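Here is the structure we will look at.
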2 protein chains.
Amino acid sequence: MGRTAVAAPVRALVFDIFGTVVDWRRGVARVAASYGLPGASFADAWRGRYVPDMDHVRRGALPWLNLDQLQRRSLDELLPEFGGQGLDDGAREQLVLAWHRLPPWPDARRGLARLRKRYLLSPLSNGGFGLLTELAKHGRLRFDCILSAELCRHYKPDPEVYLMAAELLALRPSEVMMVAAHRNDLRAAQACGLRAAFVERPREFGRPDLADRLPDPESDVSAADFLDLATRLGC
Amino acid sequence: MGRTAVAAPVRALVFDIFGTVVDWRRGVARVAASYGLPGASFADAWRGRYVPDMDHVRRGALPWLNLDQLQRRSLDELLPEFGGQGLDDGAREQLVLAWHRLPPWPDARRGLARLRKRYLLSPLSNGGFGLLTELAKHGRLRFDCILSAELCRHYKPDPEVYLMAAELLALRPSEVMMVAAHRNDLRAAQACGLRAAFVERPREFGRPDLADRLPDPESDVSAADFLDLATRLGC
């Protein structure tokens with residue numbers, strides 16, 4: 001099995017998805033524009049609801065809702081601000097489904113193929129189980145299984161999500177490495193005993209100064225993209 | 001999406017694994033023989049503990065234990081009957097792991113590849129999540145996700161397992177088709193509203209008279225193997 005710079009062997013890599021594997025901003029903007037909405041700014045505003053809404057679930061202010069349900073709720077609230085109050089139910093459904101068909105970053109497919117030769121690969125995302133399954137199939141992203149926050153009804157960065165990944169894979173937390181473009185996700189994974197790999201995605205939010213940037217010295221590995229990560233992990 | 005002979009479109013095929021996709025008897029016998037145990041008869045005896053042990057969990061006589069834990073328990077009980085009481089912990093672990101690396105039936109890999117072009121594919125098995133993930137990777141069986149009884153802590157034929165599959169895939173039960181070589185599994189799936197595809201595996205138990213045989217008129221489709229199933233489903 002693969003060895004990282006640290007002592008114990010890592011057996012599985014689990015990936016944050018939105019922003020780390022796929023370009024949500026471009027994907028959502030494209031579908032939004034097809035409905036006459038201002039693509040990128042609408043995508044940014046919708047994405048802006050994402051963390052506060054999950055926090056409502058995390059704190060118990062909302063019952064468990066999966067990501068599709070949260071997105072639909074925030075979409076309905078947001079559309080009037082963008083003149084989209086006239087969009088019918090079918091259009092709203094298609095907008096929610098845009099998150100199931102997001103384009104992978106250009107290096108993602110090839111990087112995963114290289115990493116998969118040595119490691120077990122899975123998403124570990126706040127996206128729903130069905131969403132992630134469809135996203136992987138649509139994007140031809142080859143994972144070995146699908147792990148979603150929905151399986152434990154907790155959202156990252158709750159520790160339950162990271163610990164569930166190790167438990168379901170029958171691995172120790174230190175045998176699992178979280179791969180993400182977001183430092184807060186990696187720090188939460190490390191607090192549960194997982195390893196961390198930072199991958200820079202400077203275009204995630206359009207403006208590079210809004211993204212977490214290299215280096216990330218607290219991670220076990222830092223990489224410029226998935227191909228660089230594969231090289232650094234000896235794949 | 002694909003259409004079966006019945007009216008509504010099926011979107012996902014979920015597969016029983018042990019006996020339907022992989023040849024547990026040959027796989028377990030081979031590893032057992034390498035430890036000096038009588039291969040096929042040991043495999044049969046071990047497999048014989050499987051349903052009663054799961055029934056203990058289903059009835060609440062045992063707490064939730066995943067399949068690896070149940071197999072280890074029944075292995076420890078069984079070994080003295082076969083003169084294997086001297087096998088150490090490492091050997092016992094390897095025997096349990098034999099169930100993670102079972103050989104696929106000869107048509108399984110190619111059949112799944114054809115079916116995957118039209119349908120979303122997943123195991124729906126009493127094997128643990130980690131076991132199924134490893135089995136698929138080891139056998140180069142391409143599924144789109146992994147669904148295990150472990151995710152709802154119920155064993156088939158409890159309805160919770162079949163209903164969970166539809167719920168996690170965000171599909172109606174009638175959009176999901178259970179594929180199995182065992183009539184009882186198919187009947188339980190149908191009672192939950194799933195469709196059913198029977199695939200004959202006459203060699204599962206060694207003697208063909210011990211297996212469920214064609215035809216299975218209560219199923220929506222019956223097939224001689226996965227290639228035949230792909231043809232019958234228009235793939």
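Starting from 1 in every chain, residues are counted up; chains themselves are A, B, ... following the order of the structure tokens, and ligands are numbered from 1 as listed.
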
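DSSP secondary structure from the backbone places Pro104, Leu120, Leu121, Ser122, Pro123, Leu124, Ser125, Leu147, Ser148, Val176, Met177, Met178, Val179, Ala180, Arg195, Ala196, Ala197, Phe198, Val199, Val221, Ser222 and Ala223 of chain B of stretch 28-228 of chain B in strand (DSSP E or B).
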
Practice prompt. Please determine the contact residues of chain B with respect to chain A at a cut-off of 10 Å, counting only C-alpha atoms, and supply them as a ChimeraX atom specification.
Written response: /B:68,116,120-122,128-134,136-137,140-148,150-152,165-171

Worksheet item: What is the atom CA of A:Pro208-atom CA of A:Val31 distance in Å, reported with one decimal?
Response: 23.0 Å

Worksheet entry | 10 Å contact set for B:Ala98, only C-alpha atoms, chain neighbours under 5 positions out, as a list in words |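 Residues near the query, excluding close chain neighbours: Trp24, Gly27, Val28, Ala29, Arg30, Val31, Ala32, Arg92, Glu93, Pro103, Leu131 and Leu135 of chain B.
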
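What separates atom CA of A:Val176 from atom CA of A:Arg195 is a distance of 6.2 Å.
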
Discussion item. Give me the residues near stretch 58-61 of chain A as a VMD selection string, where near means some atom within 9 Å (using only C-alpha atoms) and where sequence neighbours in that chain fewer than 3 positions away do not count.
Written reply: chain A and resid 53 to 55 64 154 to 156 158

Take the residues that were just selected and, keeping N, CA and C atoms, output them as a PDB file, in the first residue's frame.
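Wrote result.pdb, looks like this:
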```pdb
ATOM      1  N   ASP A  53     -27.047  27.458   5.733  1.00  0.00           N
ATOM      2  CA  ASP A  53     -28.158  26.501   5.780  1.00  0.00           C
ATOM      3  C   ASP A  53     -27.734  25.192   6.431  1.00  0.00           C
ATOM      4  N   MET A  54     -26.542  24.693   6.077  1.00  0.00           N
ATOM      5  CA  MET A  54     -26.068  23.464   6.722  1.00  0.00           C
ATOM      6  C   MET A  54     -25.841  23.692   8.203  1.00  0.00           C
ATOM      7  N   ASP A  55     -25.412  24.899   8.551  1.00  0.00           N
ATOM      8  CA  ASP A  55     -25.212  25.204   9.975  1.00  0.00           C
ATOM      9  C   ASP A  55     -26.541  25.155  10.736  1.00  0.00           C
ATOM     10  N   TRP A  64     -33.110  17.194   9.773  1.00  0.00           N
ATOM     11  CA  TRP A  64     -32.240  16.737   8.703  1.00  0.00           C
ATOM     12  C   TRP A  64     -32.908  16.944   7.351  1.00  0.00           C
ATOM     13  N   HIS A 154     -25.285  13.966   9.291  1.00  0.00           N
ATOM     14  CA  HIS A 154     -24.515  15.070   9.856  1.00  0.00           C
ATOM     15  C   HIS A 154     -23.792  15.738   8.702  1.00  0.00           C
ATOM     16  N   TYR A 155     -23.586  17.034   8.790  1.00  0.00           N
ATOM     17  CA  TYR A 155     -22.807  17.732   7.767  1.00  0.00           C
ATOM     18  C   TYR A 155     -21.389  17.994   8.249  1.00  0.00           C
ATOM     19  N   LYS A 156     -20.423  17.882   7.323  1.00  0.00           N
ATOM     20  CA  LYS A 156     -19.074  18.369   7.616  1.00  0.00           C
ATOM     21  C   LYS A 156     -19.171  19.826   8.003  1.00  0.00           C
ATOM     22  N   ASP A 158     -18.843  18.430  11.050  1.00  0.00           N
ATOM     23  CA  ASP A 158     -19.126  17.604  12.231  1.00  0.00           C
ATOM     24  C   ASP A 158     -18.224  16.362  12.201  1.00  0.00           C
TER      25      ASP A 158
END
```

Worksheet item: What's the 12 Å shell around A:Leu210, counting only C-alpha atoms, without same-chain residues fewer than 2 positions away, as a list in words?
Response: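 Once the nearby chain positions are removed, what remains is Asp44, Ala181, His182, Glu200, Arg201, Pro202, Arg203, Glu204, Phe205, Gly206, Arg207, Pro208, Asp212 and Arg213 of chain A.
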
Worksheet item: From the set A:Asn66, A:Gln94, A:Thr20, A:Ser34, which residue has the shortest atom-to-atom contact distance to A:Ala149, counting only C-alpha atoms?
Response: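 Once distances to A:Ala149 are computed over only C-alpha atoms, the minimum belongs to A:Asn66.
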
Worksheet entry | Neighbour list for B:Arg49 as a PyMOL selection string, cut-off 12 Å, only C-alpha atoms, skip fewer than 6 positions in-chain | chain B and resi 42-43+55-56+67+70-78

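Minimum distance to A:Val179 across A:Gly90, A:Pro123, A:Pro52, A:Gly111 (counting only C-alpha atoms) occurs at A:Pro123.
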